[in-house]
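Chemist: start_34.csv (CSV, C-alpha atoms and all ligand atoms) pasted underneath:
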```
chain,number,residue,atom,x,y,z
A,200,MET,CA,0.0,0.0,0.0
A,201,PRO,CA,1.5,3.4,-0.9
A,202,GLU,CA,2.4,5.5,2.1
A,203,LEU,CA,3.1,9.2,2.1
A,204,PRO,CA,6.6,9.1,0.7
A,205,GLU,CA,5.4,7.0,-2.2
A,206,VAL,CA,2.5,9.4,-2.8
A,207,GLU,CA,4.9,12.4,-2.6
A,208,THR,CA,7.2,10.7,-5.2
A,209,VAL,CA,4.2,10.3,-7.5
A,210,ARG,CA,3.3,14.0,-6.9
A,211,SER,CA,6.7,15.1,-7.8
A,212,GLY,CA,6.7,13.0,-10.9
A,213,LEU,CA,3.4,14.4,-12.0
A,214,GLU,CA,4.7,17.9,-11.4
A,215,HIS,CA,7.5,17.3,-13.8
A,216,LEU,CA,5.6,15.2,-16.4
A,217,VAL,CA,2.0,16.5,-16.7
A,218,VAL,CA,1.8,20.0,-15.1
A,219,GLY,CA,1.4,22.7,-17.8
A,220,ARG,CA,-0.1,20.3,-20.3
A,221,ARG,CA,-3.6,20.4,-21.7
A,222,ILE,CA,-5.9,17.4,-21.7
A,223,GLU,CA,-7.4,16.4,-25.0
A,224,SER,CA,-9.5,13.6,-23.5
A,225,ALA,CA,-10.0,11.4,-20.5
A,226,GLU,CA,-11.2,7.9,-21.2
A,227,VAL,CA,-12.8,6.0,-18.3
A,228,LEU,CA,-12.2,2.3,-18.9
A,229,HIS,CA,-13.7,1.1,-15.7
A,230,PRO,CA,-16.5,3.1,-13.9
A,231,ARG,CA,-15.4,1.9,-10.5
A,232,ALA,CA,-12.3,4.1,-10.7
A,233,VAL,CA,-14.6,7.2,-10.7
A,234,ARG,CA,-17.3,5.9,-8.4
A,235,ARG,CA,-16.8,8.9,-6.0
A,236,HIS,CA,-17.4,11.3,-8.9
A,237,ILE,CA,-21.1,11.3,-8.2
A,238,ALA,CA,-22.3,12.7,-11.6
A,239,GLY,CA,-20.8,9.6,-13.3
A,240,PRO,CA,-18.1,8.7,-15.8
A,241,ALA,CA,-19.4,10.8,-18.7
A,242,ASP,CA,-19.5,13.9,-16.6
A,243,PHE,CA,-16.0,13.2,-15.3
A,244,ALA,CA,-14.6,13.0,-18.8
A,245,LYS,CA,-16.5,16.1,-19.9
A,246,ARG,CA,-15.1,18.2,-17.0
A,247,LEU,CA,-11.5,17.2,-17.9
A,248,ARG,CA,-11.7,17.8,-21.7
A,249,GLY,CA,-9.6,20.8,-22.8
A,250,ARG,CA,-8.4,21.6,-19.2
A,251,ARG,CA,-4.8,22.2,-18.3
A,252,PHE,CA,-3.1,20.9,-15.1
A,253,ASP,CA,-1.8,23.9,-13.2
A,254,GLY,CA,0.0,22.1,-10.4
A,255,ALA,CA,0.4,18.9,-8.4
A,256,ARG,CA,-0.5,19.1,-4.7
A,257,ARG,CA,-0.8,16.6,-1.8
A,258,ARG,CA,-2.3,16.2,1.7
A,259,GLY,CA,-1.5,12.9,3.4
A,260,LYS,CA,-2.1,10.2,0.7
A,261,TYR,CA,-4.4,12.4,-1.4
A,262,LEU,CA,-3.1,14.1,-4.6
A,263,TRP,CA,-4.8,16.8,-6.5
A,264,LEU,CA,-4.0,18.6,-9.7
A,265,PRO,CA,-5.6,22.1,-9.9
A,266,MET,CA,-7.2,23.1,-13.2
A,267,ASP,CA,-8.2,26.8,-12.8
A,268,ASP,CA,-10.6,26.8,-9.8
A,269,ASP,CA,-11.3,23.0,-10.0
A,270,ALA,CA,-9.0,20.0,-9.4
A,271,LEU,CA,-8.6,16.4,-10.3
A,272,LEU,CA,-8.4,14.5,-7.0
A,273,ALA,CA,-6.7,11.1,-6.8
A,274,HIS,CA,-6.3,8.5,-4.1
A,275,LEU,CA,-4.2,5.5,-5.0
A,276,GLY,CA,-5.9,3.1,-2.5
A,277,MET,CA,-4.1,-0.3,-2.1
A,278,SER,CA,-2.6,-0.7,-5.6
A,279,GLY,CA,-3.2,2.4,-7.6
A,280,GLN,CA,-0.5,3.8,-9.9
A,281,LEU,CA,-0.2,6.9,-12.1
A,282,LEU,CA,2.0,6.0,-15.0
A,283,VAL,CA,3.3,8.3,-17.6
A,284,GLY,CA,4.5,6.7,-20.9
A,285,PRO,CA,4.3,6.5,-24.6
A,286,PRO,CA,0.8,6.8,-26.0
A,287,ASP,CA,1.3,3.9,-28.4
A,288,GLU,CA,2.2,1.5,-25.6
A,289,PRO,CA,-0.4,-1.3,-25.3
A,290,LEU,CA,-2.9,-0.7,-22.4
A,291,SER,CA,-2.4,-3.2,-19.5
A,292,PRO,CA,-5.7,-4.8,-18.4
A,293,HIS,CA,-5.6,-2.8,-15.1
A,294,VAL,CA,-5.7,0.6,-16.7
A,295,ARG,CA,-8.9,2.3,-15.4
A,296,VAL,CA,-8.6,5.8,-16.7
A,297,ARG,CA,-6.4,7.2,-19.5
A,298,PHE,CA,-5.6,10.8,-20.1
A,299,ASN,CA,-4.5,11.9,-23.6
A,300,PHE,CA,-2.8,15.3,-24.0
A,301,ALA,CA,-3.2,17.8,-26.7
A,302,ASP,CA,0.5,17.9,-27.3
A,303,GLY,CA,0.5,14.3,-28.4
A,304,GLY,CA,3.2,13.5,-25.8
A,305,PRO,CA,3.3,10.8,-23.1
A,306,ASP,CA,-0.1,9.9,-21.8
A,307,LEU,CA,-1.1,9.5,-18.1
A,308,ARG,CA,-2.7,6.1,-17.0
A,309,PHE,CA,-4.4,5.4,-13.7
A,310,THR,CA,-3.9,1.7,-13.2
A,311,ASP,CA,-5.4,-0.1,-10.2
A,312,GLN,CA,-5.5,-3.9,-10.0
A,313,ARG,CA,-7.6,-4.0,-6.8
A,314,THR,CA,-9.7,-0.9,-7.7
A,315,PHE,CA,-9.7,0.5,-4.2
A,316,GLY,CA,-8.3,3.8,-5.5
A,317,HIS,CA,-10.4,6.5,-7.1
A,318,LEU,CA,-10.4,9.7,-9.1
A,319,LEU,CA,-12.9,12.6,-9.1
A,320,VAL,CA,-13.2,16.1,-10.4
A,321,ALA,CA,-13.6,18.4,-7.3
A,322,ALA,CA,-15.4,21.6,-8.3
A,323,ASP,CA,-13.7,24.7,-6.7
A,324,GLY,CA,-11.1,22.3,-5.3
A,325,ALA,CA,-7.9,24.0,-6.5
A,326,GLN,CA,-6.8,25.2,-3.1
A,327,LEU,CA,-8.1,22.2,-1.1
A,328,PRO,CA,-10.9,19.9,-2.3
A,329,SER,CA,-13.8,20.0,0.1
A,330,VAL,CA,-14.0,16.2,0.3
A,331,ILE,CA,-10.6,16.1,2.1
A,332,ALA,CA,-11.0,19.3,4.1
A,333,HIS,CA,-11.5,17.2,7.3
A,334,ILE,CA,-8.1,15.6,7.0
A,335,ALA,CA,-5.4,17.1,9.1
A,336,PRO,CA,-2.3,18.4,7.4
A,337,ASP,CA,0.6,16.0,7.2
A,338,PRO,CA,3.9,16.6,8.9
A,339,LEU,CA,5.7,17.6,5.6
A,340,GLU,CA,3.1,20.3,4.8
A,341,SER,CA,3.8,23.9,5.9
A,342,ALA,CA,0.2,23.9,7.3
A,343,PHE,CA,1.1,21.3,9.9
A,344,ASP,CA,0.9,22.8,13.4
A,345,ALA,CA,2.9,20.9,15.9
A,346,ALA,CA,1.5,22.8,18.9
A,347,TRP,CA,-2.1,22.0,17.7
A,348,PHE,CA,-1.2,18.3,17.2
A,349,SER,CA,0.4,18.1,20.6
A,350,GLY,CA,-2.6,19.7,22.3
A,351,ARG,CA,-5.0,17.3,20.6
A,352,LEU,CA,-2.9,14.3,21.5
A,353,LYS,CA,-3.1,15.2,25.2
A,354,SER,CA,-6.9,15.1,25.0
A,355,ARG,CA,-7.0,11.6,23.5
A,356,ARG,CA,-7.5,8.6,25.7
A,357,THR,CA,-5.9,6.2,23.2
A,358,GLY,CA,-2.6,4.6,22.4
A,359,ILE,CA,0.0,6.7,20.6
A,360,LYS,CA,0.1,4.5,17.5
A,361,ARG,CA,-3.7,4.7,17.1
A,362,ALA,CA,-3.4,8.5,17.4
A,363,LEU,CA,-0.7,8.6,14.7
A,364,LEU,CA,-3.0,6.7,12.3
A,365,ASP,CA,-5.9,9.0,13.0
A,366,GLN,CA,-6.2,11.2,9.9
A,367,SER,CA,-8.1,13.9,11.8
A,368,LEU,CA,-5.0,14.5,14.0
A,369,ILE,CA,-2.2,14.0,11.5
A,370,SER,CA,-2.4,12.6,8.0
A,371,GLY,CA,-0.2,10.5,5.9
A,372,VAL,CA,1.3,8.3,8.7
A,373,GLY,CA,0.6,4.6,7.9
A,374,ASN,CA,1.6,1.4,9.7
A,375,ILE,CA,5.1,1.2,8.4
A,376,TYR,CA,6.3,4.7,9.2
A,377,ALA,CA,4.4,4.8,12.5
A,378,ASP,CA,6.4,1.7,13.7
A,379,GLU,CA,9.7,3.2,12.4
A,380,ALA,CA,9.1,6.6,14.1
A,381,LEU,CA,8.1,5.0,17.4
A,382,TRP,CA,11.2,2.8,17.4
A,383,ARG,CA,13.4,5.9,16.8
A,384,THR,CA,11.7,7.7,19.7
A,385,LYS,CA,11.8,4.6,21.9
A,386,LEU,CA,8.1,4.7,22.5
A,387,HIS,CA,5.9,1.6,22.7
A,388,PHE,CA,2.8,1.8,20.4
A,389,ALA,CA,0.4,1.3,23.4
A,390,ARG,CA,1.7,4.3,25.4
A,391,ALA,CA,-1.2,6.5,26.4
A,392,ALA,CA,-1.3,9.6,24.1
A,393,ASP,CA,-2.6,11.8,26.9
A,394,ARG,CA,0.3,10.9,29.2
A,395,LEU,CA,3.1,11.7,26.8
A,396,ARG,CA,5.5,14.4,27.8
A,397,SER,CA,5.9,17.4,25.5
A,398,GLY,CA,9.5,16.4,24.8
A,399,GLU,CA,8.4,12.9,23.8
A,400,ILE,CA,5.8,14.4,21.4
A,401,SER,CA,8.4,16.8,19.8
A,402,ARG,CA,10.9,13.9,19.3
A,403,LEU,CA,8.1,11.8,17.8
A,404,ILE,CA,7.2,14.5,15.3
A,405,ALA,CA,10.8,15.0,14.4
A,406,ALA,CA,11.2,11.2,13.9
A,407,VAL,CA,8.1,11.0,11.6
A,408,ARG,CA,9.6,13.8,9.5
A,409,GLU,CA,13.0,12.0,9.5
A,410,VAL,CA,11.7,8.7,8.3
A,411,PHE,CA,9.6,10.4,5.6
A,412,ALA,CA,12.6,12.5,4.5
A,413,GLU,CA,14.8,9.4,4.3
A,414,ALA,CA,12.2,7.5,2.3
A,415,LEU,CA,11.8,10.4,-0.1
A,416,THR,CA,15.5,10.5,-0.7
A,417,ALA,CA,15.4,6.8,-1.4
A,418,GLY,CA,12.5,7.0,-3.8
A,419,GLY,CA,9.7,5.5,-1.6
A,420,THR,CA,9.2,2.2,0.0
A,421,SER,CA,8.3,-0.9,-1.9
A,422,PHE,CA,6.7,-3.7,0.0
A,423,ASP,CA,4.1,-4.3,-2.5
A,424,SER,CA,5.2,-5.3,-6.0
A,425,LEU,CA,2.2,-3.3,-7.2
A,426,TYR,CA,3.7,0.0,-6.2
A,427,VAL,CA,5.8,1.8,-8.8
A,428,ASN,CA,6.3,5.5,-9.1
A,429,VAL,CA,5.0,7.7,-11.8
A,430,ASN,CA,7.6,6.5,-14.3
A,431,GLY,CA,7.1,2.9,-13.5
A,432,GLU,CA,10.2,2.5,-11.3
A,433,SER,CA,10.0,0.6,-8.0
A,434,GLY,CA,11.0,2.3,-4.8
A,435,TYR,CA,13.7,0.7,-2.7
A,436,PHE,CA,13.6,2.2,0.8
A,437,ASP,CA,12.7,-1.2,2.4
A,438,ARG,CA,16.4,-2.0,3.0
A,439,SER,CA,16.7,0.8,5.5
A,440,LEU,CA,13.8,-0.1,7.8
A,441,ASN,CA,14.7,-0.7,11.4
A,442,VAL,CA,11.7,-2.6,12.8
A,443,TYR,CA,8.9,-3.0,10.3
A,444,GLY,CA,8.7,-6.5,8.9
A,445,ARG,CA,11.8,-7.6,10.9
A,446,GLU,CA,10.4,-10.0,13.5
A,447,GLY,CA,13.2,-11.9,15.1
A,448,GLU,CA,16.0,-9.9,13.6
A,449,PRO,CA,18.3,-8.0,16.0
A,450,CYS,CA,17.5,-4.4,17.0
A,451,ALA,CA,20.0,-2.1,15.3
A,452,ARG,CA,20.4,-0.3,18.7
A,453,CYS,CA,20.6,-3.1,21.3
A,454,GLY,CA,20.6,-6.4,19.4
A,455,THR,CA,17.4,-7.7,21.1
A,456,PRO,CA,15.2,-9.6,18.6
A,457,ILE,CA,12.4,-7.5,17.2
A,458,ARG,CA,8.9,-8.5,18.3
A,459,ARG,CA,5.7,-8.5,16.3
A,460,ASP,CA,2.3,-8.0,18.0
A,461,PRO,CA,-1.1,-8.0,16.4
A,462,PHE,CA,-2.5,-4.5,16.0
A,463,MET,CA,-5.8,-3.4,14.5
A,464,ASN,CA,-5.9,-6.4,12.1
A,465,ARG,CA,-2.3,-5.7,11.2
A,466,SER,CA,1.0,-5.9,13.0
A,467,SER,CA,3.2,-3.7,15.2
A,468,TYR,CA,6.9,-4.2,15.3
A,469,THR,CA,8.9,-3.1,18.4
A,470,CYS,CA,12.1,-3.7,20.2
A,471,PRO,CA,11.0,-5.1,23.6
A,472,VAL,CA,14.0,-3.5,25.4
A,473,CYS,CA,14.2,-0.1,23.7
A,474,GLN,CA,10.4,0.3,23.7
A,475,PRO,CA,9.1,-1.3,26.9
A,476,ARG,CA,5.4,-2.1,27.0
A,477,PRO,CA,3.5,0.1,29.4
A,478,ARG,CA,1.9,-1.6,32.4
A,479,ASN,CA,-1.9,-2.0,32.0
A,480,GLY,CA,-1.9,0.3,29.0
A,481,ARG,CA,-1.5,3.5,31.0
A,482,TRP,CA,2.0,4.9,31.6
B,501,ZN,ZN,16.5,-2.2,21.0
```
Could I get this file's structure written as structure tokens?

Modeler:
Amino acid sequence: MPELPEVETVRSGLEHLVVGRRIESAEVLHPRAVRRHIAGPADFAKRLRGRRFDGARRRGKYLWLPMDDDALLAHLGMSGQLLVGPPDEPLSPHVRVRFNFADGGPDLRFTDQRTFGHLLVAADGAQLPSVIAHIAPDPLESAFDAAWFSGRLKSRRTGIKRALLDQSLISGVGNIYADEALWRTKLHFARAADRLRSGEISRLIAAVREVFAEALTAGGTSFDSLYVNVNGESGYFDRSLNVYGREGEPCARCGTPIRRDPFMNRSSYTCPVCQPRPRNGRW
């Protein structure tokens, strides 16, 4: 599943490859890909014809491409990809929407094997599409307010990892980067959010930014062979993960075998020595 660094890699690719170009036509090859565009596939295609992409923006795992006052909004879901390539290349069976450009150059293909992703045209969404306005800024955005986040955290009676995954508090942090940031900060995922000290919260925010920045430098994580960036290249950040997916391997700090625990139908990876479990969930 693409996480924030992967989505940012895609955003940056789109900025270089499609911004400034005029759309000749958008072909919806599978209606499920535009199911959230309530007026339907024909309206979706009509609203894109002749428009020009003015930019490529992101909040958490949502991308949007402003077109005057409106925007094309994209969420990649579990397996979505935005691929830019030669228009004469045969269409793979998973291409759901194809954008052809007036300049006759490389086309843009939204491919999505599992069809959990979606695209829609957000009217007046150039600044921030209203359908994602409830999502908190992500820690790489200038709009992210660390003091506000810290204040909200102290009012939550929940574990810190649940809070990190709550998109109304902070967006873009998925399972992988939550585990990595908690390991760096030596915090167990079950630590009570409302009992964290200010210094612990600051270090946690800094760690989230660090793991994102390192992943961006490396081109995004690839755990899922379905993820490729906008040019079709796989990311390769997985080699530098410290805990995620490393059950039984030695902690890079103290050598203790990494432990895996079930967490919200998924897994959490921790070092049992560096990140001691809080007694009875409150600490
Ligand atoms: Zn350790």

Chemist: Using all atoms listed in the file, which of A:Ala244, A:Leu272, A:Val233, A:Ala406 sits nearest A:Val372?

Modeler: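 Selected residue with least distance to A:Val372: A:Ala406.
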
Chemist: Enumerate as number ranges by chain the residues within 8 Å of ligand ZN 501 (chain B), counting only C-alpha atoms and all ligand atoms.

Modeler: A: 449-457, 470-474

Chemist: What does the distance between atom CA of A:Glu226 and atom CA of A:Gly371 come to in Å, to one decimal place?

Modeler: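 So the answer is 29.4 Å.
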
Chemist: Using only C-alpha atoms and a cutoff of 12 Å, can you tell me which residues are near (-10.0, 0.2, 15.3) in the file's coordinates, and write them out as a PDB file with C-alpha atoms, in the frame of the given file?

Modeler:
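Heads up, here's the output in point10.pdb:
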```
ATOM      1  CA  THR A 357      -5.900   6.200  23.200  1.00  0.00           C
ATOM      2  CA  GLY A 358      -2.600   4.600  22.400  1.00  0.00           C
ATOM      3  CA  LYS A 360       0.100   4.500  17.500  1.00  0.00           C
ATOM      4  CA  ARG A 361      -3.700   4.700  17.100  1.00  0.00           C
ATOM      5  CA  ALA A 362      -3.400   8.500  17.400  1.00  0.00           C
ATOM      6  CA  LEU A 364      -3.000   6.700  12.300  1.00  0.00           C
ATOM      7  CA  ASP A 365      -5.900   9.000  13.000  1.00  0.00           C
ATOM      8  CA  PHE A 462      -2.500  -4.500  16.000  1.00  0.00           C
ATOM      9  CA  MET A 463      -5.800  -3.400  14.500  1.00  0.00           C
ATOM     10  CA  ASN A 464      -5.900  -6.400  12.100  1.00  0.00           C
ATOM     11  CA  ARG A 465      -2.300  -5.700  11.200  1.00  0.00           C
TER      12      ARG A 465
END
```

Chemist: What gap, in Å, lies between atom CA of A:Leu262 and atom CA of A:Glu379?

Modeler: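 We find that atom CA of A:Leu262 and atom CA of A:Glu379 lie 23.9 Å from each other.
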
Chemist: Hey, what's within 7 Å of A:Gly316 if we count all atoms listed in the file and toss same-chain stuff fewer than 2 positions away? As a list in words, please?

Modeler: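 Listed by chain and then number, they are Ala232, His274, Leu275, Gly276, Met277, Gly279, Asp311 and Thr314 of chain A.
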
Chemist: Using atom CA of A:Leu327 and atom CA of A:Asp269 as the two end points, give the distance in Å to one decimal.

Modeler: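 The value is 9.5 Å.
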
Chemist: With all atoms listed in the file as the counted atoms, please give the residues lying no more than 12 Å from A:Arg396, apart from itself and same-chain residues fewer than 6 positions off, as an NGL selection string.

Modeler: :A and (349-350 or 352-353 or 359 or 386 or 390 or 402-403 or 482)

Chemist: Env of stretch 317-321 of chain A: 10 Å cut, atoms = all atoms listed in the file, seq-sep filter 4 positions within chain, self excluded. Answer as a PyMOL selection string.

Modeler: chain A and resi 230-240+242-244+246-247+262-266+268-276+279+295-296+309+311+325+327-330

Chemist: Take the residues just selected and output them with C-alpha atoms as a compact mmCIF listing (two decimals), in the coordinates of the input.

Modeler:
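What landed in result03.txt:
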```txt
# COMPACT_ATOMS: atom_id res chain seq x y z
CA PRO A 230 -16.50 3.10 -13.90
CA ARG A 231 -15.40 1.90 -10.50
CA ALA A 232 -12.30 4.10 -10.70
CA VAL A 233 -14.60 7.20 -10.70
CA ARG A 234 -17.30 5.90 -8.40
CA ARG A 235 -16.80 8.90 -6.00
CA HIS A 236 -17.40 11.30 -8.90
CA ILE A 237 -21.10 11.30 -8.20
CA ALA A 238 -22.30 12.70 -11.60
CA GLY A 239 -20.80 9.60 -13.30
CA PRO A 240 -18.10 8.70 -15.80
CA ASP A 242 -19.50 13.90 -16.60
CA PHE A 243 -16.00 13.20 -15.30
CA ALA A 244 -14.60 13.00 -18.80
CA ARG A 246 -15.10 18.20 -17.00
CA LEU A 247 -11.50 17.20 -17.90
CA LEU A 262 -3.10 14.10 -4.60
CA TRP A 263 -4.80 16.80 -6.50
CA LEU A 264 -4.00 18.60 -9.70
CA PRO A 265 -5.60 22.10 -9.90
CA MET A 266 -7.20 23.10 -13.20
CA ASP A 268 -10.60 26.80 -9.80
CA ASP A 269 -11.30 23.00 -10.00
CA ALA A 270 -9.00 20.00 -9.40
CA LEU A 271 -8.60 16.40 -10.30
CA LEU A 272 -8.40 14.50 -7.00
CA ALA A 273 -6.70 11.10 -6.80
CA HIS A 274 -6.30 8.50 -4.10
CA LEU A 275 -4.20 5.50 -5.00
CA GLY A 276 -5.90 3.10 -2.50
CA GLY A 279 -3.20 2.40 -7.60
CA ARG A 295 -8.90 2.30 -15.40
CA VAL A 296 -8.60 5.80 -16.70
CA PHE A 309 -4.40 5.40 -13.70
CA ASP A 311 -5.40 -0.10 -10.20
CA ALA A 325 -7.90 24.00 -6.50
CA LEU A 327 -8.10 22.20 -1.10
CA PRO A 328 -10.90 19.90 -2.30
CA SER A 329 -13.80 20.00 0.10
CA VAL A 330 -14.00 16.20 0.30
```

Chemist: Hey, which bits of stretch 204-273 of chain A sit within 9 Å of stretch 338-345 of chain A, and for each residue what's the closest pair of atoms and how far apart in Å (one decimal), counting all atoms listed in the file, rows by chain and increasing number, as a Markdown table?

Modeler:
```
| residue | atom | partner | partner_atom | distance |
| --- | --- | --- | --- | --- |
| A:Arg257 | CA | A:Glu340 | CA | 8.5 |
| A:Arg258 | CA | A:Glu340 | CA | 7.5 |
| A:Gly259 | CA | A:Pro338 | CA | 8.5 |
```

Chemist: Taking all atoms listed in the file into account, name the residue in A:Arg251, A:His333, A:Arg394, A:His387 that is nearest to A:Ser367.

Modeler: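 Closest candidate: A:His333.
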
Chemist: Point out the residue among A:His293, A:Asp323, A:Ser466, A:Phe348 with the least atom-to-atom distance to A:Ser397, counting all atoms listed in the file.

Modeler: A:Phe348

Chemist: Which neighbours of A:Pro204 fall inside 7 Å, counting all atoms listed in the file, when residues of the same chain fewer than 3 positions from it are skipped, and could you give them as a list in words?

Modeler: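 The neighbour list is Glu207, Thr208, Phe411, Ala414, Leu415 and Gly419 of chain A.
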
Chemist: Restricting the calculation to all atoms listed in the file, which member of A:Asn374, A:Asn299, A:Thr384, A:Pro305 is positioned closest to A:Gly284?

Modeler: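 The answer is A:Pro305, which sits nearest to A:Gly284.
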
Chemist: Env of A:Leu281: 7 Å cut, atoms = all atoms listed in the file, seq-sep filter 6 positions within chain, self excluded. Answer as a CSV table (one decimal) with C-alpha atoms, keeping the file's coordinate frame.

Modeler:
```csv
chain,number,residue,atom,x,y,z
A,307,LEU,CA,-1.1,9.5,-18.1
A,308,ARG,CA,-2.7,6.1,-17.0
A,309,PHE,CA,-4.4,5.4,-13.7
A,310,THR,CA,-3.9,1.7,-13.2
A,429,VAL,CA,5.0,7.7,-11.8
```
